[in-house]
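Trainee: Contents of coords-v8.cif (mmCIF, C-alpha atoms):
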data_upload
loop_
_atom_site.label_atom_id
_atom_site.label_comp_id
_atom_site.auth_asym_id
_atom_site.auth_seq_id
_atom_site.Cartn_x
_atom_site.Cartn_y
_atom_site.Cartn_z
CA MET A 1 168.05 138.11 -262.64
CA LYS A 2 166.33 135.28 -264.43
CA ALA A 3 163.74 133.30 -262.51
CA LEU A 4 164.68 129.76 -261.64
CA ILE A 5 161.93 127.17 -261.70
CA ARG A 6 161.96 123.44 -261.07
CA PRO A 7 159.41 120.83 -262.14
CA GLY A 8 156.67 120.49 -259.56
CA SER A 9 157.75 123.56 -257.59
CA ALA A 10 154.31 125.12 -257.88
CA ASP A 11 152.80 122.16 -256.04
CA LYS A 12 155.32 122.35 -253.21
CA ASP A 13 154.59 125.98 -252.40
CA ARG A 14 151.88 126.09 -249.76
CA TYR A 15 150.62 129.47 -251.01
CA ASP A 16 151.05 129.00 -254.74
CA ARG A 17 147.32 129.16 -255.45
CA SER A 18 146.90 132.27 -253.30
CA ARG A 19 149.79 133.96 -255.11
CA ARG A 20 147.77 133.66 -258.31
CA ILE A 21 145.30 136.19 -256.87
CA GLY A 22 147.22 139.29 -257.81
CA TRP A 23 146.07 141.72 -255.14
CA ILE A 24 146.82 139.51 -252.11
CA ASP A 25 150.15 140.60 -250.62
CA LEU A 26 151.27 137.42 -248.88
CA SER A 27 154.34 139.06 -247.42
CA ARG A 28 152.22 141.65 -245.61
CA VAL A 29 149.76 138.95 -244.59
CA ALA A 30 152.54 136.81 -243.11
CA ASN A 31 153.91 139.75 -241.15
CA ALA A 32 150.62 141.16 -239.90
CA GLU A 33 149.81 140.97 -236.19
CA VAL A 34 146.17 139.95 -235.81
CA LEU A 35 144.08 140.36 -232.67
CA MET A 36 141.12 137.97 -232.73
CA VAL A 37 138.65 138.58 -229.91
CA GLY A 38 136.30 135.68 -229.23
CA ALA A 39 137.03 132.00 -229.86
CA GLY A 40 133.55 130.53 -230.17
CA ALA A 41 131.89 129.45 -233.40
CA LEU A 42 132.92 132.51 -235.39
CA GLY A 43 136.35 132.49 -233.77
CA ASN A 44 137.00 128.89 -234.80
CA GLU A 45 136.13 129.57 -238.42
CA VAL A 46 137.91 132.91 -238.54
CA ALA A 47 141.05 131.35 -237.04
CA LYS A 48 140.98 128.55 -239.60
CA ASP A 49 140.56 130.96 -242.52
CA LEU A 50 143.22 133.32 -241.17
CA VAL A 51 145.90 130.67 -240.84
CA LEU A 52 145.08 128.96 -244.16
CA SER A 53 145.23 132.39 -245.81
CA GLY A 54 148.79 132.89 -244.59
CA PHE A 55 148.38 134.92 -241.42
CA ARG A 56 150.87 133.75 -238.80
CA SER A 57 150.80 136.00 -235.76
CA ILE A 58 147.35 135.61 -234.25
CA THR A 59 146.46 136.57 -230.68
CA VAL A 60 143.33 134.71 -229.54
CA VAL A 61 141.36 136.21 -226.64
CA ASP A 62 138.46 134.42 -224.92
CA MET A 63 137.34 133.83 -221.34
CA ASP A 64 135.10 130.79 -221.84
CA HIS A 65 135.55 127.04 -221.80
CA VAL A 66 134.35 124.51 -224.35
CA VAL A 67 130.89 122.90 -223.87
CA GLY A 68 129.11 120.19 -225.81
CA SER A 69 126.79 122.53 -227.69
CA ASN A 70 129.82 124.20 -229.32
CA LEU A 71 130.72 121.03 -231.19
CA SER A 72 128.22 121.46 -234.03
CA ARG A 73 129.99 124.59 -235.19
CA CYS A 74 133.54 124.59 -233.92
CA LEU A 75 136.21 122.91 -236.01
CA PHE A 76 138.92 122.86 -233.35
CA PHE A 77 136.84 121.66 -230.38
CA SER A 78 136.42 117.98 -229.41
CA GLU A 79 134.30 115.95 -227.00
CA GLU A 80 137.35 115.66 -224.80
CA ASP A 81 137.80 119.44 -224.73
CA ALA A 82 134.19 119.75 -223.59
CA ARG A 83 134.56 117.03 -220.93
CA LYS A 84 137.69 118.68 -219.59
CA GLN A 85 136.16 122.16 -219.94
CA ARG A 86 139.29 123.36 -221.68
CA LYS A 87 139.61 127.05 -222.39
CA LYS A 88 138.53 127.99 -225.89
CA ALA A 89 141.45 130.34 -226.51
CA ASP A 90 143.97 127.60 -225.71
CA VAL A 91 142.23 125.00 -227.88
CA VAL A 92 142.00 127.39 -230.84
CA LYS A 93 145.66 128.27 -230.43
CA GLU A 94 146.57 124.59 -230.65
CA GLY A 95 144.30 124.17 -233.67
CA ILE A 96 146.00 127.04 -235.49
CA LYS A 97 149.38 125.46 -234.85
CA ARG A 98 148.17 122.12 -236.22
CA LEU A 99 147.13 123.78 -239.48
CA SER A 100 150.45 125.55 -240.01
CA GLU A 101 153.82 125.03 -238.41
CA GLU A 102 154.73 128.57 -239.49
CA ALA A 103 151.95 130.06 -237.37
CA LEU A 104 152.78 131.83 -234.12
CA PRO A 105 149.48 131.92 -232.23
CA VAL A 106 149.19 133.30 -228.71
CA SER A 107 146.22 132.65 -226.42
CA HIS A 108 144.93 134.89 -223.69
CA VAL A 109 142.30 133.44 -221.37
CA GLY A 110 140.27 136.32 -220.04
CA ARG A 111 138.11 139.27 -220.98
CA ILE A 112 139.33 141.72 -223.57
CA GLU A 113 138.17 144.48 -221.23
CA ASP A 114 140.76 143.34 -218.69
CA MET A 115 143.68 143.39 -221.10
CA PRO A 116 146.01 146.40 -221.16
CA LYS A 117 145.00 149.06 -223.66
CA HIS A 118 148.31 148.89 -225.50
CA VAL A 119 147.34 145.45 -226.80
CA PHE A 120 145.46 147.27 -229.57
CA ASN A 121 148.54 149.29 -230.50
CA ARG A 122 150.64 146.15 -230.78
CA HIS A 123 148.39 144.63 -233.45
CA ASP A 124 147.77 145.67 -237.04
CA ILE A 125 144.14 144.60 -237.36
CA VAL A 126 141.35 143.45 -235.03
CA LEU A 127 138.73 140.80 -235.78
CA GLY A 128 135.72 140.62 -233.48
CA CYS A 129 134.01 137.25 -233.03
CA LEU A 130 132.08 138.36 -229.97
CA ASP A 131 128.72 137.49 -228.46
CA ASN A 132 127.85 140.69 -226.65
CA ILE A 133 127.48 144.37 -227.34
CA ALA A 134 129.45 145.60 -224.34
CA ALA A 135 132.60 143.87 -225.55
CA ARG A 136 131.95 145.08 -229.10
CA ILE A 137 131.74 148.66 -227.88
CA HIS A 138 134.98 148.20 -225.93
CA VAL A 139 136.88 146.67 -228.85
CA ASN A 140 135.44 149.17 -231.32
CA SER A 141 136.47 152.21 -229.30
CA HIS A 142 139.96 150.96 -228.46
CA ALA A 143 140.67 149.80 -232.00
CA TYR A 144 139.44 153.13 -233.33
CA VAL A 145 141.60 155.20 -230.99
CA ALA A 146 144.60 152.99 -231.81
CA GLY A 147 143.89 153.61 -235.50
CA LYS A 148 143.40 149.92 -236.29
CA SER A 149 140.81 148.57 -238.67
CA TYR A 150 138.15 146.51 -236.90
CA VAL A 151 136.21 143.77 -238.67
CA ASP A 152 133.24 142.67 -236.56
CA GLY A 153 131.00 139.67 -237.21
CA GLY A 154 127.65 138.72 -235.71
CA MET A 155 125.05 136.09 -236.40
CA GLU A 156 121.82 134.52 -235.26
CA GLY A 157 120.35 131.48 -236.92
CA MET A 158 120.57 132.06 -240.66
CA LEU A 159 121.14 135.80 -240.28
CA GLY A 160 124.53 137.41 -240.14
CA LYS A 161 126.32 140.70 -240.52
CA ILE A 162 129.78 142.08 -240.93
CA MET A 163 130.68 145.62 -239.93
CA ILE A 164 133.98 147.33 -240.59
CA SER A 165 135.47 150.36 -238.95
CA LYS A 166 138.39 151.96 -240.78
CA PRO A 167 139.77 154.84 -238.73
CA PRO A 168 140.19 157.69 -239.33
CA ASP A 169 137.54 157.61 -242.05
CA GLY A 170 133.85 156.91 -241.90
CA ALA A 171 131.53 155.53 -239.28
CA CYS A 172 132.51 153.13 -236.52
CA ILE A 173 130.56 150.16 -235.18
CA GLN A 174 128.94 152.28 -232.47
CA CYS A 175 127.62 154.80 -235.02
CA GLY A 176 125.20 152.08 -236.16
CA MET A 177 123.79 151.37 -232.71
CA ASN A 178 120.49 152.62 -231.30
CA LYS A 179 118.36 152.18 -228.15
CA THR A 180 117.73 148.49 -228.83
CA HIS A 181 121.48 147.90 -228.62
CA ALA A 182 121.71 149.91 -225.40
CA LYS A 183 118.94 147.82 -223.81
CA ILE A 184 120.78 144.55 -224.33
CA ALA A 185 124.35 145.78 -224.00
CA GLY A 186 124.94 143.78 -220.82
CA LEU A 187 123.67 140.50 -222.24
CA ARG A 188 125.66 137.76 -223.91
CA PHE A 189 124.25 136.07 -227.00
CA SER A 190 125.97 132.83 -226.35
CA CYS A 191 125.18 129.16 -226.58
CA THR A 192 127.28 128.20 -223.55
CA GLY A 193 126.65 130.34 -220.58
CA ARG A 194 126.94 128.34 -217.39
CA ASP A 195 129.23 131.08 -216.20
CA VAL A 196 127.22 133.89 -217.69
CA VAL A 197 125.67 136.31 -215.25
CA PHE A 198 123.26 138.12 -217.53
CA HIS A 199 121.91 135.50 -219.82
CA GLU A 200 119.57 135.44 -222.74
CA PRO A 201 117.68 132.45 -224.04
CA ARG A 202 120.12 130.44 -226.16
CA LEU A 203 120.44 131.74 -229.68
CA ALA A 204 119.81 129.72 -232.80
CA ALA A 205 123.09 129.01 -234.55
CA GLU A 206 124.38 126.71 -237.25
CA ILE A 207 127.64 126.22 -239.08
CA THR A 208 126.79 127.33 -242.62
CA THR A 209 125.95 130.87 -241.56
CA THR A 210 129.03 130.91 -239.35
CA SER A 211 131.16 129.84 -242.31
CA VAL A 212 129.75 132.51 -244.63
CA ILE A 213 130.21 135.35 -242.14
CA SER A 214 133.69 134.28 -241.03
CA ALA A 215 134.86 133.82 -244.61
CA ILE A 216 133.84 137.37 -245.51
CA MET A 217 135.48 138.72 -242.36
CA VAL A 218 138.81 137.14 -243.27
CA ARG A 219 138.52 138.14 -246.93
CA GLU A 220 138.06 141.77 -245.84
CA ALA A 221 141.05 141.40 -243.50
CA LEU A 222 143.11 140.18 -246.46
CA LYS A 223 142.12 143.27 -248.46
CA ILE A 224 142.94 145.63 -245.59
CA VAL A 225 146.29 144.04 -244.78
CA SER A 226 147.22 143.75 -248.47
CA GLY A 227 146.72 147.51 -248.83
CA HIS A 228 143.59 147.54 -250.94
CA PRO A 229 141.12 149.79 -249.11
CA GLU A 230 139.25 150.40 -252.36
CA LEU A 231 138.13 146.76 -252.31
CA VAL A 232 137.00 146.75 -248.68
CA LEU A 233 133.36 146.62 -247.74
CA ASN A 234 131.89 149.97 -246.75
CA ASN A 235 130.42 149.92 -243.25
CA SER A 236 128.19 146.87 -243.14
CA LEU A 237 126.93 143.83 -244.92
CA TYR A 238 123.76 141.98 -243.93
CA TYR A 239 123.23 138.34 -244.86
CA ASP A 240 120.00 136.36 -244.85
CA GLY A 241 120.79 132.71 -245.46
CA ARG A 242 117.14 131.69 -245.77
CA LYS A 243 116.78 133.70 -248.96
CA ASN A 244 120.49 133.87 -249.84
CA ILE A 245 120.35 137.64 -249.81
CA MET A 246 123.47 139.66 -249.10
CA GLU A 247 123.27 143.42 -249.03
CA GLU A 248 125.70 146.22 -248.26
CA LEU A 249 124.17 149.00 -246.15
CA GLU A 250 125.66 152.38 -245.38
CA ILE A 251 125.98 153.47 -241.77
CA PRO A 252 126.28 157.25 -241.66
CA LEU A 253 128.88 158.68 -239.31
CA ASP A 254 127.16 159.83 -236.13
CA PRO A 255 128.54 163.21 -235.01
CA SER A 256 127.37 162.48 -231.46
CA CYS A 257 129.06 159.06 -231.32
CA PRO A 258 131.31 159.02 -228.24
CA VAL A 259 134.08 157.11 -230.02
CA HIS A 260 135.09 159.83 -232.42
CA GLY A 261 132.35 162.38 -232.55
CA SER A 262 133.48 164.31 -229.48
CA SER A 263 136.95 165.02 -230.80
CA ASP A 264 135.52 166.14 -234.12
CA ALA A 265 132.93 168.36 -232.53
CA ALA A 266 135.34 169.91 -230.08
CA THR A 267 138.13 170.69 -232.48
CA GLY A 268 136.28 170.92 -235.75
CA LYS A 269 138.76 168.56 -237.33
CA ARG A 270 139.31 164.83 -237.55
CA LYS A 271 141.99 163.07 -235.59
CA ARG A 272 144.44 161.38 -237.91
CA PHE A 273 145.34 157.84 -237.04
CA LYS A 274 147.80 155.55 -238.65
CA SER A 275 145.91 152.75 -240.30
CA ILE A 276 147.06 149.90 -242.46
CA MET B 1 101.22 167.69 -239.23
CA PRO B 2 101.22 163.88 -238.96
CA VAL B 3 102.60 161.74 -241.76
CA ARG B 4 101.94 158.10 -242.57
CA ILE B 5 104.76 155.75 -243.40
CA LYS B 6 104.98 152.01 -243.92
CA VAL B 7 107.31 149.78 -241.90
CA LYS B 8 108.18 146.36 -243.27
CA ASN B 9 109.23 143.39 -241.19
CA ALA B 10 112.31 141.98 -242.94
CA GLU B 11 111.92 138.59 -241.28
CA THR B 12 108.30 137.90 -242.26
CA GLY B 13 107.56 140.29 -245.11
CA ALA B 14 104.63 141.74 -243.16
CA SER B 15 104.11 145.49 -243.06
CA VAL B 16 102.34 148.00 -240.86
CA GLU B 17 101.34 151.62 -241.39
CA MET B 18 102.40 154.16 -238.79
CA GLU B 19 101.12 157.65 -238.18
CA LEU B 20 103.89 159.88 -236.90
CA GLU B 21 104.86 163.45 -236.19
CA MET B 22 108.04 164.77 -237.76
CA GLU B 23 109.46 165.10 -234.24
CA ASN B 24 109.14 161.36 -233.59
CA THR B 25 112.48 159.54 -233.61
CA ILE B 26 113.81 156.49 -235.42
CA ASP B 27 114.24 154.84 -232.00
CA GLU B 28 110.51 155.29 -231.39
CA ILE B 29 109.62 153.70 -234.73
CA ILE B 30 111.89 150.73 -233.99
CA GLU B 31 110.41 150.24 -230.55
CA SER B 32 106.81 150.54 -231.76
CA ALA B 33 107.31 148.14 -234.66
CA ALA B 34 109.22 145.60 -232.54
CA THR B 35 106.46 145.70 -229.91
CA PHE B 36 103.71 145.41 -232.55
CA TRP B 37 105.30 142.28 -234.00
CA ALA B 38 106.17 140.94 -230.51
CA LYS B 39 109.82 140.69 -231.47
CA ASP B 40 112.27 138.91 -229.18
CA MET B 41 114.47 141.13 -227.11
CA GLY B 42 117.43 141.94 -229.33
CA ALA B 43 118.99 144.61 -231.46
CA TYR B 44 117.19 145.92 -234.53
CA VAL B 45 117.94 148.61 -237.06
CA LEU B 46 115.72 150.53 -239.41
CA ARG B 47 116.79 151.05 -242.98
CA LYS B 48 115.65 153.33 -245.73
CA GLY B 49 116.93 152.11 -249.03
CA LYS B 50 120.63 151.35 -248.65
CA LYS B 51 121.09 153.43 -245.51
CA VAL B 52 120.77 152.48 -241.83
CA LEU B 53 118.88 155.25 -240.00
CA ARG B 54 120.36 156.78 -236.86
CA GLY B 55 118.31 155.97 -233.76
CA GLY B 56 118.29 159.42 -232.19
CA ASN B 57 117.33 161.25 -235.36
CA SER B 58 113.85 162.69 -235.78
CA LEU B 59 111.91 161.92 -238.92
CA LYS B 60 112.73 165.42 -240.07
CA ASP B 61 116.47 164.94 -239.49
CA ALA B 62 116.38 161.57 -241.22
CA GLY B 63 114.62 163.01 -244.26
CA ILE B 64 111.58 160.75 -243.85
CA ARG B 65 108.54 161.79 -245.85
CA ALA B 66 104.95 160.64 -246.09
CA ASP B 67 104.52 157.24 -247.76
CA ASP B 68 108.17 156.27 -247.28
CA VAL B 69 108.76 152.57 -246.76
CA LEU B 70 111.23 151.65 -244.00
CA GLU B 71 112.38 148.15 -243.12
CA LEU B 72 113.02 146.74 -239.66
CA ILE B 73 115.91 144.28 -239.71
CA PRO B 74 117.44 142.25 -236.90
CA ASP B 75 121.02 143.14 -236.00
CA PRO B 76 122.49 139.76 -235.06
CA GLU B 77 124.92 139.88 -232.15
CA GLY B 78 125.80 136.22 -231.59
CA GLY B 79 129.29 134.88 -232.06
#
Now, as a test, write the supplied structure out as structure tokens.

Mentor:
Amino acid sequence: MKALIRPGSADKDRYDRSRRIGWIDLSRVANAEVLMVGAGALGNEVAKDLVLSGFRSITVVDMDHVVGSNLSRCLFFSEEDARKQRKKADVVKEGIKRLSEEALPVSHVGRIEDMPKHVFNRHDIVLGCLDNIAARIHVNSHAYVAGKSYVDGGMEGMLGKIMISKPPDGACIQCGMNKTHAKIAGLRFSCTGRDVVFHEPRLAAEITTTSVISAIMVREALKIVSGHPELVLNNSLYYDGRKNIMEELEIPLDPSCPVHGSSDAATGKRKRFKSI
Amino acid sequence: MPVRIKVKNAETGASVEMELEMENTIDEIIESAATFWAKDMGAYVLRKGKKVLRGGNSLKDAGIRADDVLELIPDPEGG
């Protein structure tokens, strides 16, 4: 069948410019079910990039409400949201819908730890925009067991990192942790925190680092969902915005890691998970 | 037999020499270096070249040799 074109049609297609990037599979992107955990600074930017990239089904999970100090980094939050202490997950959901009528966002106000385990099975990919290690460990292990790729972001001041777990192959997020992570696992590295029980001094944070880290997270999600694992970052990427240094570091698989090491050690073989 | 290695502080560029036994662990190096530089409480990792070293590994397990240069880098956890 011959293609039919009309003058100006390229400018009417919302995703025309994305289609020109050959490896992005916009059909798979539009049909992917995304679980985004955390709707703070990273979550705002990740949500924006997801929906503008063509993702539609996005589940947003967060327990917190908006406060004034979020407003320097969070696209979707307003002064009014802070005054009314609106829930971040709900505000981000509304923001996603404003950016695309095609989007089908769902918000869940609460802790990811309190959600049923099958929530991981129902999604195709997980993006972590979290502020504490305990939640990261929870999301990492459940995503891994469900066989779902997990893209995790973290930042402090001008420093940032992205880690990716791609079950059944390679290391997971927990393989890269050591005793310093264990010591602070119960703390939240947040800028809000009135409702935080175990609280750290407020972390330095600013929008440019948030934008860099979130953009890479969503770009890696596009590669994974489009079926191009060969393009996906291996393990981890560290970013230092003061010097504009970005470096990929290998995290070796830890045979004693509780997430996947035990099954390997006990049976001598790897579990096989379905992964997109 | 003790070996001497150098640990660099990725944030400041400073470095410190450490004398260690091959049975010492990566976790112990991280803790000693973080204490020496009075680092804030937080997560840190130690890298050798392009590889993040596993905390529980001994120097021997990690393949660390005399005069190696390791780098202590913050592992940012904020969101």

Trainee: In Å, with one decimal, what is the gap from CA of His65 in chain A to CA of Glu33 in chain A?

Mentor: 24.6 Å

Trainee: Might you pull out every residue within 6 Å of range 49-54 of chain B, with all atoms listed in the file counted and same-chain residues fewer than 5 positions away left off, and present them as a PyMOL selection string?

Mentor: chain A and resi 249-251

Trainee: For a quick test of understanding: name the residues of chain A lying within 6 Å of chain B when counting all atoms listed in the file, and present them as a count of residues only.

Mentor: 15

Trainee: How many Å separate CA of Met217 in chain A from CA of Cys175 in chain A?

Mentor: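 So the answer is 19.3 Å.
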
Trainee: Between CA of Ser27 in chain A and CA of Asp49 in chain A, what is the distance in Å, rounded to a tenth?

Mentor: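 Computing the Euclidean distance for CA of Ser27 in chain A and CA of Asp49 in chain A yields 16.7 Å.
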
Trainee: Given the choices A:Phe77, A:Tyr238, A:Phe120, A:Phe55, which gets closest to Tyr144 in chain A if the distance is worked out from only C-alpha atoms?

Mentor: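 When distances to Tyr144 in chain A are compared using only C-alpha atoms, the smallest one comes from A:Phe120.
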
Trainee: Written as a ChimeraX atom specification, what is the full residue list that the PyMOL selection byres ((chain A and resi 140) around 10) yields on the file shown?

Mentor: /A:126,128,134-139,141-146,148-152,164-165,172-174,259

Trainee: I'd like to see the residues matched by the PyMOL selection byres ((chain B and resi 59) around 7) on this file, and ideally I'd get them as a PDB file with C-alpha atoms, keeping the file's coordinate frame.

Mentor:
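Result written to part-v7.pdb:
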ATOM      1  CA  MET B  22     108.040 164.770-237.760  1.00  0.00           C
ATOM      2  CA  GLU B  23     109.460 165.100-234.240  1.00  0.00           C
ATOM      3  CA  ASN B  24     109.140 161.360-233.590  1.00  0.00           C
ATOM      4  CA  THR B  25     112.480 159.540-233.610  1.00  0.00           C
ATOM      5  CA  ILE B  26     113.810 156.490-235.420  1.00  0.00           C
ATOM      6  CA  ASN B  57     117.330 161.250-235.360  1.00  0.00           C
ATOM      7  CA  SER B  58     113.850 162.690-235.780  1.00  0.00           C
ATOM      8  CA  LYS B  60     112.730 165.420-240.070  1.00  0.00           C
ATOM      9  CA  ASP B  61     116.470 164.940-239.490  1.00  0.00           C
ATOM     10  CA  ALA B  62     116.380 161.570-241.220  1.00  0.00           C
ATOM     11  CA  GLY B  63     114.620 163.010-244.260  1.00  0.00           C
ATOM     12  CA  ILE B  64     111.580 160.750-243.850  1.00  0.00           C
TER      13      ILE B  64
END

Trainee: Evaluating the PyMOL selection byres ((chain A and resi 44) around 9) on the displayed file yields which residues, as JSON, numbers by chain?

Mentor: {"A": [38, 39, 40, 41, 42, 43, 45, 46, 47, 48, 49, 73, 74, 75, 76, 77, 92, 95, 214]}

Trainee: Which of these, B:Glu71, B:Met18, B:Lys39, B:Ala66, has the shortest distance to Met1 in chain B once you count all atoms listed in the file?

Mentor: B:Ala66

Trainee: Give, as JSON, the centre coordinates and the x, y and z edge lengths in Å to one decimal for an axis-aligned box around all listed atoms of range 174-180 of chain A, padded by 6 Å on each side.

Mentor:
{"center_x": 123.3, "center_y": 151.6, "center_z": -232.2, "size_x": 23.2, "size_y": 18.3, "size_z": 20.0}

Trainee: Where atoms are absent from range 97-109 of chain A, fill them in so it carries N, CA and C atoms, then output it as a PDB file, in the frame of the given file.

Mentor:
ATOM      1  N   LYS A  97     148.023 126.014-234.717  1.00  0.00           N
ATOM      2  CA  LYS A  97     149.380 125.460-234.850  1.00  0.00           C
ATOM      3  C   LYS A  97     149.357 124.139-235.642  1.00  0.00           C
ATOM      4  N   ARG A  98     148.289 123.374-235.453  1.00  0.00           N
ATOM      5  CA  ARG A  98     148.170 122.120-236.220  1.00  0.00           C
ATOM      6  C   ARG A  98     148.042 122.386-237.711  1.00  0.00           C
ATOM      7  N   LEU A  99     147.356 123.479-238.066  1.00  0.00           N
ATOM      8  CA  LEU A  99     147.130 123.780-239.480  1.00  0.00           C
ATOM      9  C   LEU A  99     148.372 124.346-240.164  1.00  0.00           C
ATOM     10  N   SER A 100     149.232 124.994-239.398  1.00  0.00           N
ATOM     11  CA  SER A 100     150.450 125.550-240.010  1.00  0.00           C
ATOM     12  C   SER A 100     151.568 125.627-238.989  1.00  0.00           C
ATOM     13  N   GLU A 101     152.667 124.975-239.316  1.00  0.00           N
ATOM     14  CA  GLU A 101     153.820 125.030-238.410  1.00  0.00           C
ATOM     15  C   GLU A 101     154.429 126.428-238.366  1.00  0.00           C
ATOM     16  N   GLU A 102     154.179 127.208-239.432  1.00  0.00           N
ATOM     17  CA  GLU A 102     154.730 128.570-239.490  1.00  0.00           C
ATOM     18  C   GLU A 102     153.992 129.527-238.556  1.00  0.00           C
ATOM     19  N   ALA A 103     152.781 129.146-238.164  1.00  0.00           N
ATOM     20  CA  ALA A 103     151.950 130.060-237.370  1.00  0.00           C
ATOM     21  C   ALA A 103     152.525 130.272-235.978  1.00  0.00           C
ATOM     22  N   LEU A 104     152.290 131.475-235.455  1.00  0.00           N
ATOM     23  CA  LEU A 104     152.780 131.830-234.120  1.00  0.00           C
ATOM     24  C   LEU A 104     151.609 132.341-233.270  1.00  0.00           C
ATOM     25  N   PRO A 105     150.654 131.466-232.986  1.00  0.00           N
ATOM     26  CA  PRO A 105     149.480 131.920-232.230  1.00  0.00           C
ATOM     27  C   PRO A 105     149.797 132.109-230.749  1.00  0.00           C
ATOM     28  N   VAL A 106     149.076 133.045-230.155  1.00  0.00           N
ATOM     29  CA  VAL A 106     149.190 133.300-228.710  1.00  0.00           C
ATOM     30  C   VAL A 106     147.771 133.291-228.157  1.00  0.00           C
ATOM     31  N   SER A 107     147.561 132.628-227.023  1.00  0.00           N
ATOM     32  CA  SER A 107     146.220 132.650-226.420  1.00  0.00           C
ATOM     33  C   SER A 107     146.228 133.485-225.156  1.00  0.00           C
ATOM     34  N   HIS A 108     145.100 134.138-224.938  1.00  0.00           N
ATOM     35  CA  HIS A 108     144.930 134.890-223.690  1.00  0.00           C
ATOM     36  C   HIS A 108     143.565 134.505-223.133  1.00  0.00           C
ATOM     37  N   VAL A 109     143.563 133.840-221.992  1.00  0.00           N
ATOM     38  CA  VAL A 109     142.300 133.440-221.370  1.00  0.00           C
ATOM     39  C   VAL A 109     141.854 134.564-220.440  1.00  0.00           C
TER      40      VAL A 109
END
